[in-house]
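**Student:** Coordinates in upload.tsv, TSV, C-alpha atoms, are listed below.
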chain	number	residue	atom	x	y	z
A	16	MET	CA	-1.66	31.35	-19.71
A	17	GLY	CA	-3.15	27.95	-19.04
A	18	THR	CA	-3.57	25.68	-22.02
A	19	LEU	CA	-0.71	24.87	-24.32
A	20	PRO	CA	-1.62	26.11	-27.79
A	21	PHE	CA	-2.40	22.81	-29.47
A	22	VAL	CA	-4.97	20.05	-29.52
A	23	PHE	CA	-4.47	16.30	-29.48
A	24	PRO	CA	-7.35	13.82	-29.83
A	25	PHE	CA	-6.48	11.67	-26.81
A	26	ALA	CA	-4.93	14.00	-24.27
A	27	GLU	CA	-5.18	17.74	-24.27
A	28	LEU	CA	-2.72	19.20	-21.82
A	29	GLU	CA	-4.41	21.55	-19.46
A	30	VAL	CA	-1.86	22.38	-16.81
A	31	GLY	CA	-3.55	24.51	-14.21
A	32	GLN	CA	-7.12	23.86	-15.38
A	33	HIS	CA	-9.34	21.72	-13.23
A	34	LEU	CA	-12.86	20.53	-12.77
A	35	TYR	CA	-13.68	22.26	-9.50
A	36	TRP	CA	-15.98	20.79	-6.87
A	37	GLN	CA	-17.08	23.10	-4.10
A	38	LEU	CA	-17.24	21.55	-0.62
A	39	GLY	CA	-17.88	24.21	2.00
A	40	ASN	CA	-14.91	26.54	1.73
A	41	LEU	CA	-12.79	23.99	-0.09
A	42	ARG	CA	-12.30	23.88	-3.83
A	43	LEU	CA	-11.49	20.32	-4.83
A	44	HIS	CA	-9.92	19.16	-8.08
A	45	GLY	CA	-12.72	16.82	-9.13
A	46	GLN	CA	-10.90	15.02	-11.94
A	47	VAL	CA	-8.17	13.88	-9.53
A	48	PHE	CA	-10.77	12.40	-7.17
A	49	MET	CA	-12.51	10.59	-10.01
A	50	THR	CA	-9.35	8.96	-11.33
A	51	SER	CA	-8.15	8.15	-7.80
A	52	TRP	CA	-11.43	6.37	-7.07
A	53	ILE	CA	-11.19	4.47	-10.33
A	54	VAL	CA	-7.62	3.40	-9.44
A	55	ILE	CA	-8.65	2.39	-5.90
A	56	GLY	CA	-11.65	0.51	-7.28
A	57	ALA	CA	-9.54	-1.34	-9.82
A	58	LEU	CA	-7.02	-2.36	-7.15
A	59	LEU	CA	-9.76	-3.50	-4.76
A	60	ALA	CA	-11.43	-5.51	-7.51
A	61	LEU	CA	-8.13	-7.15	-8.40
A	62	VAL	CA	-7.45	-8.13	-4.80
A	63	VAL	CA	-11.01	-9.40	-4.20
A	64	VAL	CA	-10.96	-11.47	-7.38
A	65	GLY	CA	-7.48	-12.78	-6.61
A	66	THR	CA	-8.19	-13.87	-3.04
A	67	ARG	CA	-11.51	-15.57	-3.73
A	68	LYS	CA	-11.25	-19.35	-4.03
A	69	MET	CA	-7.56	-19.51	-3.18
A	70	GLU	CA	-5.72	-22.67	-4.10
A	71	ARG	CA	-2.50	-24.29	-2.99
A	72	ASP	CA	-1.08	-24.02	-6.48
A	73	PRO	CA	-1.70	-20.38	-7.40
A	74	LYS	CA	-3.10	-19.68	-10.83
A	75	GLY	CA	-3.92	-16.52	-12.73
A	76	VAL	CA	-4.73	-13.49	-10.57
A	77	GLN	CA	-3.78	-15.25	-7.35
A	78	ASN	CA	-0.37	-15.97	-8.85
A	79	LEU	CA	0.07	-12.30	-9.76
A	80	LEU	CA	-0.94	-11.21	-6.26
A	81	GLU	CA	1.50	-13.63	-4.64
A	82	PHE	CA	4.27	-12.34	-6.89
A	83	LEU	CA	3.44	-8.75	-5.90
A	84	TRP	CA	3.36	-9.74	-2.23
A	85	ASP	CA	6.81	-11.33	-2.50
A	86	TYR	CA	8.15	-8.29	-4.31
A	87	ILE	CA	6.82	-5.82	-1.73
A	88	ARG	CA	7.99	-7.99	1.16
A	89	ASP	CA	11.53	-8.09	-0.23
A	90	LEU	CA	11.48	-4.33	-0.76
A	91	ALA	CA	10.26	-3.65	2.78
A	92	ARG	CA	12.59	-6.19	4.36
A	93	THR	CA	15.75	-4.86	2.71
A	94	GLN	CA	14.96	-1.25	3.63
A	95	ILE	CA	13.29	-1.50	7.05
A	96	GLY	CA	15.06	-4.53	8.45
A	97	GLU	CA	14.01	-7.92	9.74
A	98	LYS	CA	12.48	-6.71	13.02
A	99	ALA	CA	10.03	-4.01	12.00
A	100	TYR	CA	9.18	-4.70	8.38
A	101	ARG	CA	5.98	-6.66	9.08
A	102	ASP	CA	4.25	-3.62	10.59
A	103	TRP	CA	5.04	-1.42	7.62
A	104	MET	CA	4.71	-3.78	4.68
A	105	PRO	CA	0.98	-2.99	4.10
A	106	PHE	CA	1.71	0.74	4.01
A	107	ILE	CA	4.65	0.40	1.62
A	108	GLY	CA	2.69	-1.99	-0.58
A	109	THR	CA	-0.32	0.32	-0.72
A	110	LEU	CA	1.87	3.26	-1.69
A	111	PHE	CA	3.65	1.26	-4.37
A	112	LEU	CA	0.53	-0.23	-5.92
A	113	PHE	CA	-1.49	3.01	-5.82
A	114	ILE	CA	1.29	5.06	-7.42
A	115	PHE	CA	2.13	2.37	-9.96
A	116	VAL	CA	-1.47	1.84	-11.08
A	117	SER	CA	-2.08	5.62	-11.11
A	118	ASN	CA	0.95	6.28	-13.30
A	119	TRP	CA	0.23	3.50	-15.75
A	120	GLY	CA	-3.50	4.19	-15.73
A	121	GLY	CA	-2.83	7.81	-16.60
A	122	ALA	CA	-0.61	6.77	-19.49
A	123	LEU	CA	-2.49	3.74	-20.87
A	124	VAL	CA	-6.20	4.55	-20.54
A	125	PRO	CA	-7.51	6.96	-23.22
A	126	TRP	CA	-9.17	9.31	-20.73
A	127	ARG	CA	-9.86	11.85	-23.43
A	128	LEU	CA	-12.83	9.77	-24.56
A	129	ILE	CA	-14.64	10.84	-21.36
A	130	LYS	CA	-15.57	14.49	-21.71
A	131	LEU	CA	-15.44	16.78	-18.71
A	132	PRO	CA	-16.77	20.34	-18.56
A	133	SER	CA	-13.28	21.61	-17.73
A	134	GLY	CA	-9.90	20.02	-17.07
A	135	GLU	CA	-9.22	16.45	-18.09
A	136	LEU	CA	-8.88	13.04	-16.49
A	137	GLY	CA	-5.34	11.76	-16.13
A	138	ALA	CA	-2.90	10.22	-13.69
A	139	PRO	CA	-3.83	11.37	-10.17
A	140	THR	CA	-0.10	11.57	-9.45
A	141	ALA	CA	0.29	14.32	-12.08
A	142	ASP	CA	-1.48	16.64	-9.63
A	143	ILE	CA	0.76	18.17	-6.97
A	144	ASN	CA	-1.91	17.78	-4.26
A	145	THR	CA	-1.92	13.98	-4.53
A	146	THR	CA	1.85	13.68	-4.32
A	147	VAL	CA	2.13	16.15	-1.44
A	148	ALA	CA	-0.54	14.21	0.46
A	149	LEU	CA	1.31	10.94	-0.10
A	150	ALA	CA	4.64	12.48	0.92
A	151	LEU	CA	3.16	13.98	4.10
A	152	LEU	CA	1.68	10.57	4.93
A	153	VAL	CA	5.19	9.15	4.65
A	154	SER	CA	6.51	11.89	7.00
A	155	LEU	CA	3.80	11.21	9.58
A	156	SER	CA	4.37	7.48	9.40
A	157	TYR	CA	8.12	7.63	9.93
A	158	PHE	CA	7.63	9.88	12.96
A	159	TYR	CA	4.99	7.47	14.24
A	160	ALA	CA	7.22	4.48	13.51
A	161	GLY	CA	10.15	6.00	15.39
A	162	LEU	CA	8.12	7.28	18.34
A	163	SER	CA	6.07	4.12	18.80
A	164	ARG	CA	9.09	1.84	18.62
A	165	LYS	CA	11.62	3.84	20.62
A	166	GLY	CA	9.56	6.41	22.51
A	167	LEU	CA	11.37	9.67	23.19
A	168	ARG	CA	14.66	7.93	22.51
A	169	TYR	CA	13.70	8.47	18.85
A	170	PHE	CA	15.07	12.00	19.14
A	171	GLU	CA	18.55	10.60	19.82
A	172	TYR	CA	18.57	10.10	16.06
A	173	TYR	CA	18.82	13.88	15.63
A	174	VAL	CA	22.08	14.10	17.56
A	175	HIS	CA	23.30	10.68	16.66
A	176	PRO	CA	26.93	10.88	15.62
A	177	THR	CA	27.42	14.40	17.01
A	178	PRO	CA	25.09	17.24	18.08
A	179	ILE	CA	26.46	19.27	15.14
A	180	MET	CA	24.12	17.23	12.94
A	181	LEU	CA	21.02	18.64	14.69
A	182	PRO	CA	20.22	21.51	12.28
A	183	PHE	CA	20.81	19.31	9.24
A	184	LYS	CA	18.56	16.57	10.55
A	185	ILE	CA	15.81	19.09	11.28
A	186	VAL	CA	16.09	20.56	7.78
A	187	GLU	CA	16.00	17.02	6.43
A	188	ASP	CA	12.55	16.50	7.95
A	189	PHE	CA	11.28	19.28	5.71
A	190	THR	CA	13.23	18.39	2.58
A	191	LYS	CA	12.18	14.74	2.66
A	192	PRO	CA	8.49	15.32	1.85
A	193	LEU	CA	9.42	18.18	-0.49
A	194	SER	CA	11.73	16.09	-2.63
A	195	LEU	CA	9.46	13.01	-2.50
A	196	SER	CA	6.45	14.94	-3.75
A	197	PHE	CA	8.27	17.04	-6.34
A	198	ARG	CA	10.10	14.06	-7.77
A	199	LEU	CA	6.93	12.07	-8.39
A	200	PHE	CA	4.86	15.03	-9.59
A	201	GLY	CA	7.57	16.37	-11.87
A	202	ASN	CA	8.38	13.04	-13.45
A	203	ILE	CA	4.78	12.14	-14.25
A	204	LEU	CA	3.93	15.61	-15.55
A	205	ALA	CA	7.19	15.70	-17.55
A	206	ASP	CA	6.29	12.40	-19.22
A	207	GLU	CA	2.91	13.76	-20.27
A	208	LEU	CA	4.44	17.04	-21.47
A	209	VAL	CA	7.20	15.39	-23.49
A	210	VAL	CA	4.70	13.10	-25.24
A	211	ALA	CA	2.36	16.01	-25.91
A	212	VAL	CA	5.13	18.20	-27.34
A	213	LEU	CA	6.41	15.36	-29.54
A	214	VAL	CA	2.89	14.62	-30.78
A	215	PHE	CA	2.58	18.28	-31.64
A	216	LEU	CA	5.85	18.24	-33.62
A	217	VAL	CA	5.68	14.77	-35.24
A	218	PRO	CA	2.22	13.22	-34.90
A	219	LEU	CA	3.22	9.78	-36.26
A	220	VAL	CA	5.39	6.88	-34.98
A	221	LEU	CA	8.05	8.97	-33.24
A	222	PRO	CA	6.15	9.49	-29.95
A	223	VAL	CA	5.67	5.73	-29.47
A	224	PRO	CA	9.17	4.90	-28.12
A	225	VAL	CA	8.97	7.97	-25.88
A	226	MET	CA	5.65	6.66	-24.56
A	227	PHE	CA	7.32	3.36	-23.69
A	228	LEU	CA	10.12	5.29	-21.98
A	229	GLY	CA	7.40	7.13	-20.08
A	230	LEU	CA	5.86	3.84	-18.92
A	231	PHE	CA	9.29	2.71	-17.78
A	232	THR	CA	10.04	5.90	-15.82
A	233	SER	CA	6.57	5.82	-14.25
A	234	ALA	CA	7.19	2.30	-12.98
A	235	ILE	CA	10.63	3.29	-11.66
A	236	GLN	CA	9.17	6.34	-9.92
A	237	ALA	CA	6.61	4.18	-8.12
A	238	LEU	CA	9.44	1.89	-7.02
A	239	ILE	CA	11.57	4.86	-5.90
A	240	PHE	CA	8.74	6.39	-3.89
A	241	ALA	CA	8.06	3.11	-2.11
A	242	THR	CA	11.77	2.42	-1.57
A	243	LEU	CA	12.42	5.86	-0.12
A	244	ALA	CA	9.35	5.67	2.13
A	245	ALA	CA	10.59	2.33	3.43
A	246	TYR	CA	14.11	3.73	3.84
A	247	TYR	CA	12.88	6.69	5.89
A	248	ILE	CA	10.83	4.39	8.11
A	249	GLY	CA	13.79	2.06	8.43
A	250	GLU	CA	16.02	4.99	9.42
A	251	ALA	CA	13.52	5.96	12.14
A	252	VAL	CA	13.18	2.49	13.68
A	253	GLU	CA	16.88	1.60	13.45
A	254	GLU	CA	18.61	1.01	16.78
A	255	HIS	CA	21.86	2.90	17.38
A	256	HIS	CA	24.52	1.36	19.54
B	5	MET	CA	0.96	40.09	-16.95
B	6	ASP	CA	3.13	42.86	-18.32
B	7	SER	CA	5.57	42.04	-21.09
B	8	ILE	CA	8.74	42.37	-19.01
B	9	THR	CA	7.48	39.82	-16.46
B	10	THR	CA	6.50	37.45	-19.27
B	11	ALA	CA	9.90	37.78	-20.94
B	12	ALA	CA	11.77	37.29	-17.69
B	13	SER	CA	9.63	34.26	-16.78
B	14	VAL	CA	10.17	32.56	-20.13
B	15	VAL	CA	13.94	33.14	-20.03
B	16	ALA	CA	14.09	31.94	-16.44
B	17	ALA	CA	12.07	28.83	-17.30
B	18	GLY	CA	14.52	27.97	-20.07
B	19	LEU	CA	17.51	28.55	-17.81
B	20	ALA	CA	16.00	26.52	-14.97
B	21	VAL	CA	15.80	23.35	-17.07
B	22	GLY	CA	18.95	24.01	-19.10
B	23	LEU	CA	21.26	24.72	-16.17
B	24	GLY	CA	19.60	22.01	-14.11
B	25	ALA	CA	20.44	19.46	-16.78
B	26	ILE	CA	24.21	20.05	-16.55
B	27	GLY	CA	24.88	18.49	-13.19
B	28	PRO	CA	22.78	15.34	-13.60
B	29	GLY	CA	24.24	14.96	-17.13
B	30	ILE	CA	27.76	14.81	-15.74
B	31	GLY	CA	26.60	12.56	-12.91
B	32	GLN	CA	24.83	10.12	-15.21
B	33	GLY	CA	27.90	10.03	-17.43
B	34	SER	CA	30.20	9.02	-14.62
B	35	ALA	CA	27.64	6.55	-13.25
B	36	ALA	CA	27.35	4.89	-16.66
B	37	GLN	CA	31.14	4.80	-16.91
B	38	GLY	CA	31.34	3.01	-13.59
B	39	ALA	CA	28.65	0.55	-14.62
B	40	VAL	CA	30.31	-0.25	-17.95
B	41	GLU	CA	33.65	-0.80	-16.23
B	42	GLY	CA	31.94	-3.03	-13.69
B	43	ILE	CA	30.28	-5.09	-16.41
B	44	ALA	CA	33.53	-5.38	-18.37
B	45	ARG	CA	35.31	-6.61	-15.28
B	46	GLN	CA	32.55	-8.90	-14.12
B	47	PRO	CA	30.05	-9.72	-16.89
B	48	GLU	CA	28.02	-12.09	-14.70
B	49	ALA	CA	26.97	-9.20	-12.43
B	50	GLU	CA	25.29	-7.39	-15.33
B	51	GLY	CA	21.71	-7.81	-14.12
B	52	LYS	CA	22.38	-6.46	-10.67
B	53	ILE	CA	24.45	-3.56	-12.00
B	54	ARG	CA	21.74	-2.63	-14.48
B	55	GLY	CA	19.08	-2.48	-11.78
B	56	THR	CA	21.15	-0.31	-9.48
B	57	LEU	CA	22.21	1.91	-12.38
B	58	LEU	CA	18.63	2.56	-13.47
B	59	LEU	CA	17.57	3.35	-9.93
B	60	SER	CA	20.41	5.83	-9.48
B	61	PHE	CA	19.68	7.35	-12.89
B	62	ALA	CA	16.16	8.05	-11.74
B	63	PHE	CA	17.51	9.81	-8.65
B	64	MET	CA	19.80	12.00	-10.75
B	65	GLU	CA	17.07	12.73	-13.25
B	66	SER	CA	14.82	14.01	-10.52
B	67	LEU	CA	17.28	16.90	-9.98
B	68	THR	CA	16.53	18.16	-13.48
B	69	ILE	CA	12.87	17.51	-12.82
B	70	TYR	CA	13.04	19.95	-9.89
B	71	GLY	CA	14.21	22.56	-12.40
B	72	LEU	CA	11.36	21.55	-14.66
B	73	VAL	CA	8.86	21.99	-11.85
B	74	VAL	CA	10.18	25.53	-11.29
B	75	ALA	CA	9.92	26.19	-15.03
B	76	LEU	CA	6.34	24.90	-15.11
B	77	VAL	CA	5.40	27.08	-12.16
B	78	LEU	CA	6.86	30.09	-13.96
B	79	LEU	CA	4.98	29.28	-17.17
B	80	PHE	CA	1.59	28.08	-15.92
B	81	ALA	CA	1.17	29.32	-12.36
B	82	ASN	CA	3.32	32.43	-12.25
B	83	PRO	CA	3.09	34.03	-8.82
B	84	PHE	CA	4.24	37.39	-10.18
B	85	ALA	CA	1.58	37.56	-12.89
B	86	GLY	CA	-0.33	40.11	-10.81
Starting from the coordinates I provided, produce the structure as structure tokens.
**Tutor:**
Amino acid sequence: MGTLPFVFPFAELEVGQHLYWQLGNLRLHGQVFMTSWIVIGALLALVVVGTRKMERDPKGVQNLLEFLWDYIRDLARTQIGEKAYRDWMPFIGTLFLFIFVSNWGGALVPWRLIKLPSGELGAPTADINTTVALALLVSLSYFYAGLSRKGLRYFEYYVHPTPIMLPFKIVEDFTKPLSLSFRLFGNILADELVVAVLVFLVPLVLPVPVMFLGLFTSAIQALIFATLAAYYIGEAVEEHH
Amino acid sequence: MDSITTAASVVAAGLAVGLGAIGPGIGQGSAAQGAVEGIARQPEAEGKIRGTLLLSFAFMESLTIYGLVVALVLLFANPFAG
């Protein structure tokens, strides 16, 4: 097994086929790195262009950046709370923007035009390794947030209403990254698969609304990932009385 | 992969998505019902209700997506392929 048995001019689905780079004992999925770097580069370029020659009345890219900043600040403030949100806003914003641009970049850019020896370019978030890495980062950061803000009192959270909650809270620490990563990975891959299957069945017109639905779900998934990350951090820094 | 493993994997992949769609389907139905009732009672809150509804839809949908991930593992990265 490996490739689905059909060909499409813009995106051939090759689940489980990758362009491998060998680095010591590690086998890296090269196509994921390439698209991630492109996404990071695009975001950096946008920010550099937007913050050069800033004006009091924002125009163009600066206006867009200020809108994004407002949006991310509101998201972080509602989830994390007034006291701690400033420390974590950059992290939440980076997660949101990286995932959002990855998802949309994977759907909107015709990557198929760039030929690779094996595998294909696509959304970096359609690879389980990217989403697991992001989810583990979220886990580390909520532990760090709780421990740095409350010290060892952070572990009161595990026995907070009653000690009976202890096993559930410990299991939660493992299910949080699992569900975060699987949700993002599954949704993005499912979008690509649904479009590919529809294109295979009806190559004209019909896939277009599904593609728009895909864009919509990708945007919502980026929002959900960022919201949940902020919520977990907020849960860790919250003071119990 | 021998034929019995293939057959079992394909059936299991179908069941994983199909059964996984039942629960979220019911959940989305009752969520939409609540939203429609809310809008009927208070039409000016439509924007806020829509946003919350879409967000909670995405959460419910991800339950089916977990089933889909299992199905994809069975089809493309089967650990029992031997």
**Student:** Find the nearest atom pair between each residue of stretch 99-171 of chain A and stretch 197-221 of chain A for residues within 7 Å, count all atoms listed in the file, give distances in Å to one decimal, sort rows by chain and ascending number, and present the table as a Markdown table.
**Tutor:**
| residue | atom | partner | partner_atom | distance |
| --- | --- | --- | --- | --- |
| A:Thr140 | CA | A:Phe200 | CA | 6.0 |
| A:Ala141 | CA | A:Leu204 | CA | 5.2 |
| A:Asp142 | CA | A:Phe200 | CA | 6.5 |
| A:Ile143 | CA | A:Phe200 | CA | 5.8 |
| A:Thr146 | CA | A:Phe200 | CA | 6.2 |
**Student:** Point out the residue among B:Gln37, B:Thr56, B:Ser66, B:Thr9 with the least atom-to-atom distance to B:Ala85, counting all atoms listed in the file.
**Tutor:**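 Of B:Gln37, B:Thr56, B:Ser66, B:Thr9, the one nearest B:Ala85 is B:Thr9, counting all atoms listed in the file.
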**Student:** Select all residues from chain B having any atom no more than 12 Å from an atom of chain A (counting all atoms listed in the file, ignoring ligands), output as a ChimeraX atom specification.
**Tutor:** /B:5,10,14,21,55-82,85
**Student:** Would you work out the distance separating atom CA of B:Ala17 from atom CA of A:Leu228, expressed in Å to one decimal?
**Tutor:** 24.1 Å
**Student:** Excluding A:Arg92 and its own-chain neighbours fewer than 2 positions away, which residues fall within 12 Å of it when counting all atoms listed in the file? Please give them as a PyMOL selection string.
**Tutor:** chain A and resi 84-90+94-104+107-108+242+245-246+248-249
**Student:** Write out the residues from the selection above, keeping C-alpha atoms, as a PDB file, in the coordinates of the input.
**Tutor:**
ATOM      1  CA  TRP A  84       3.360  -9.740  -2.230  1.00  0.00           C
ATOM      2  CA  ASP A  85       6.810 -11.330  -2.500  1.00  0.00           C
ATOM      3  CA  TYR A  86       8.150  -8.290  -4.310  1.00  0.00           C
ATOM      4  CA  ILE A  87       6.820  -5.820  -1.730  1.00  0.00           C
ATOM      5  CA  ARG A  88       7.990  -7.990   1.160  1.00  0.00           C
ATOM      6  CA  ASP A  89      11.530  -8.090  -0.230  1.00  0.00           C
ATOM      7  CA  LEU A  90      11.480  -4.330  -0.760  1.00  0.00           C
ATOM      8  CA  GLN A  94      14.960  -1.250   3.630  1.00  0.00           C
ATOM      9  CA  ILE A  95      13.290  -1.500   7.050  1.00  0.00           C
ATOM     10  CA  GLY A  96      15.060  -4.530   8.450  1.00  0.00           C
ATOM     11  CA  GLU A  97      14.010  -7.920   9.740  1.00  0.00           C
ATOM     12  CA  LYS A  98      12.480  -6.710  13.020  1.00  0.00           C
ATOM     13  CA  ALA A  99      10.030  -4.010  12.000  1.00  0.00           C
ATOM     14  CA  TYR A 100       9.180  -4.700   8.380  1.00  0.00           C
ATOM     15  CA  ARG A 101       5.980  -6.660   9.080  1.00  0.00           C
ATOM     16  CA  ASP A 102       4.250  -3.620  10.590  1.00  0.00           C
ATOM     17  CA  TRP A 103       5.040  -1.420   7.620  1.00  0.00           C
ATOM     18  CA  MET A 104       4.710  -3.780   4.680  1.00  0.00           C
ATOM     19  CA  ILE A 107       4.650   0.400   1.620  1.00  0.00           C
ATOM     20  CA  GLY A 108       2.690  -1.990  -0.580  1.00  0.00           C
ATOM     21  CA  THR A 242      11.770   2.420  -1.570  1.00  0.00           C
ATOM     22  CA  ALA A 245      10.590   2.330   3.430  1.00  0.00           C
ATOM     23  CA  TYR A 246      14.110   3.730   3.840  1.00  0.00           C
ATOM     24  CA  ILE A 248      10.830   4.390   8.110  1.00  0.00           C
ATOM     25  CA  GLY A 249      13.790   2.060   8.430  1.00  0.00           C
TER      26      GLY A 249
END
**Student:** At what distance in Å, to one decimal, does atom CA of A:Tyr169 lie from atom CA of A:Val252?
**Tutor:**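 Atom CA of A:Val252 sits 7.9 Å away from atom CA of A:Tyr169.
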**Student:** One number please: atom CA of A:Ala237 to atom CA of A:Leu110, in Å, one decimal.
**Tutor:**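 Value for the atom CA of A:Ala237-atom CA of A:Leu110 distance: 8.0 Å.
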**Student:** Any chance you could model N, CA and C atoms for stretch 231-251 of chain A and send them as a compact mmCIF listing (two decimals), in the coordinates of the input?
**Tutor:**
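Dumped to result_35.txt:
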# COMPACT_ATOMS: atom_id res chain seq x y z
N PHE A 231 8.16 3.21 -18.56
CA PHE A 231 9.29 2.71 -17.78
C PHE A 231 9.61 3.65 -16.62
N THR A 232 9.73 4.96 -16.92
CA THR A 232 10.04 5.90 -15.82
C THR A 232 8.92 5.92 -14.79
N SER A 233 7.65 5.81 -15.24
CA SER A 233 6.57 5.82 -14.25
C SER A 233 6.71 4.65 -13.29
N ALA A 234 7.03 3.48 -13.84
CA ALA A 234 7.19 2.30 -12.98
C ALA A 234 8.34 2.51 -12.01
N ILE A 235 9.47 3.06 -12.52
CA ILE A 235 10.63 3.29 -11.66
C ILE A 235 10.31 4.30 -10.57
N GLN A 236 9.51 5.34 -10.93
CA GLN A 236 9.17 6.34 -9.92
C GLN A 236 8.34 5.74 -8.80
N ALA A 237 7.40 4.84 -9.17
CA ALA A 237 6.61 4.18 -8.12
C ALA A 237 7.55 3.39 -7.21
N LEU A 238 8.49 2.67 -7.82
CA LEU A 238 9.44 1.89 -7.02
C LEU A 238 10.27 2.79 -6.12
N ILE A 239 10.73 3.94 -6.68
CA ILE A 239 11.57 4.86 -5.90
C ILE A 239 10.80 5.43 -4.73
N PHE A 240 9.54 5.81 -4.99
CA PHE A 240 8.74 6.39 -3.89
C PHE A 240 8.60 5.37 -2.77
N ALA A 241 8.25 4.13 -3.14
CA ALA A 241 8.06 3.11 -2.11
C ALA A 241 9.38 2.80 -1.40
N THR A 242 10.48 2.73 -2.18
CA THR A 242 11.77 2.42 -1.57
C THR A 242 12.18 3.50 -0.59
N LEU A 243 12.01 4.77 -1.00
CA LEU A 243 12.42 5.86 -0.12
C LEU A 243 11.55 5.92 1.12
N ALA A 244 10.23 5.69 0.95
CA ALA A 244 9.35 5.67 2.13
C ALA A 244 9.82 4.61 3.10
N ALA A 245 10.13 3.42 2.57
CA ALA A 245 10.59 2.33 3.43
C ALA A 245 11.93 2.69 4.06
N TYR A 246 12.80 3.36 3.30
CA TYR A 246 14.11 3.73 3.84
C TYR A 246 13.96 4.71 4.98
N TYR A 247 13.07 5.71 4.83
CA TYR A 247 12.88 6.69 5.89
C TYR A 247 12.35 6.02 7.15
N ILE A 248 11.37 5.10 6.96
CA ILE A 248 10.83 4.39 8.11
C ILE A 248 11.92 3.54 8.76
N GLY A 249 12.72 2.89 7.91
CA GLY A 249 13.79 2.06 8.43
C GLY A 249 14.80 2.88 9.22
N GLU A 250 15.09 4.10 8.73
CA GLU A 250 16.02 4.99 9.42
C GLU A 250 15.46 5.36 10.79
N ALA A 251 14.12 5.53 10.87
CA ALA A 251 13.52 5.96 12.14
C ALA A 251 13.48 4.82 13.16
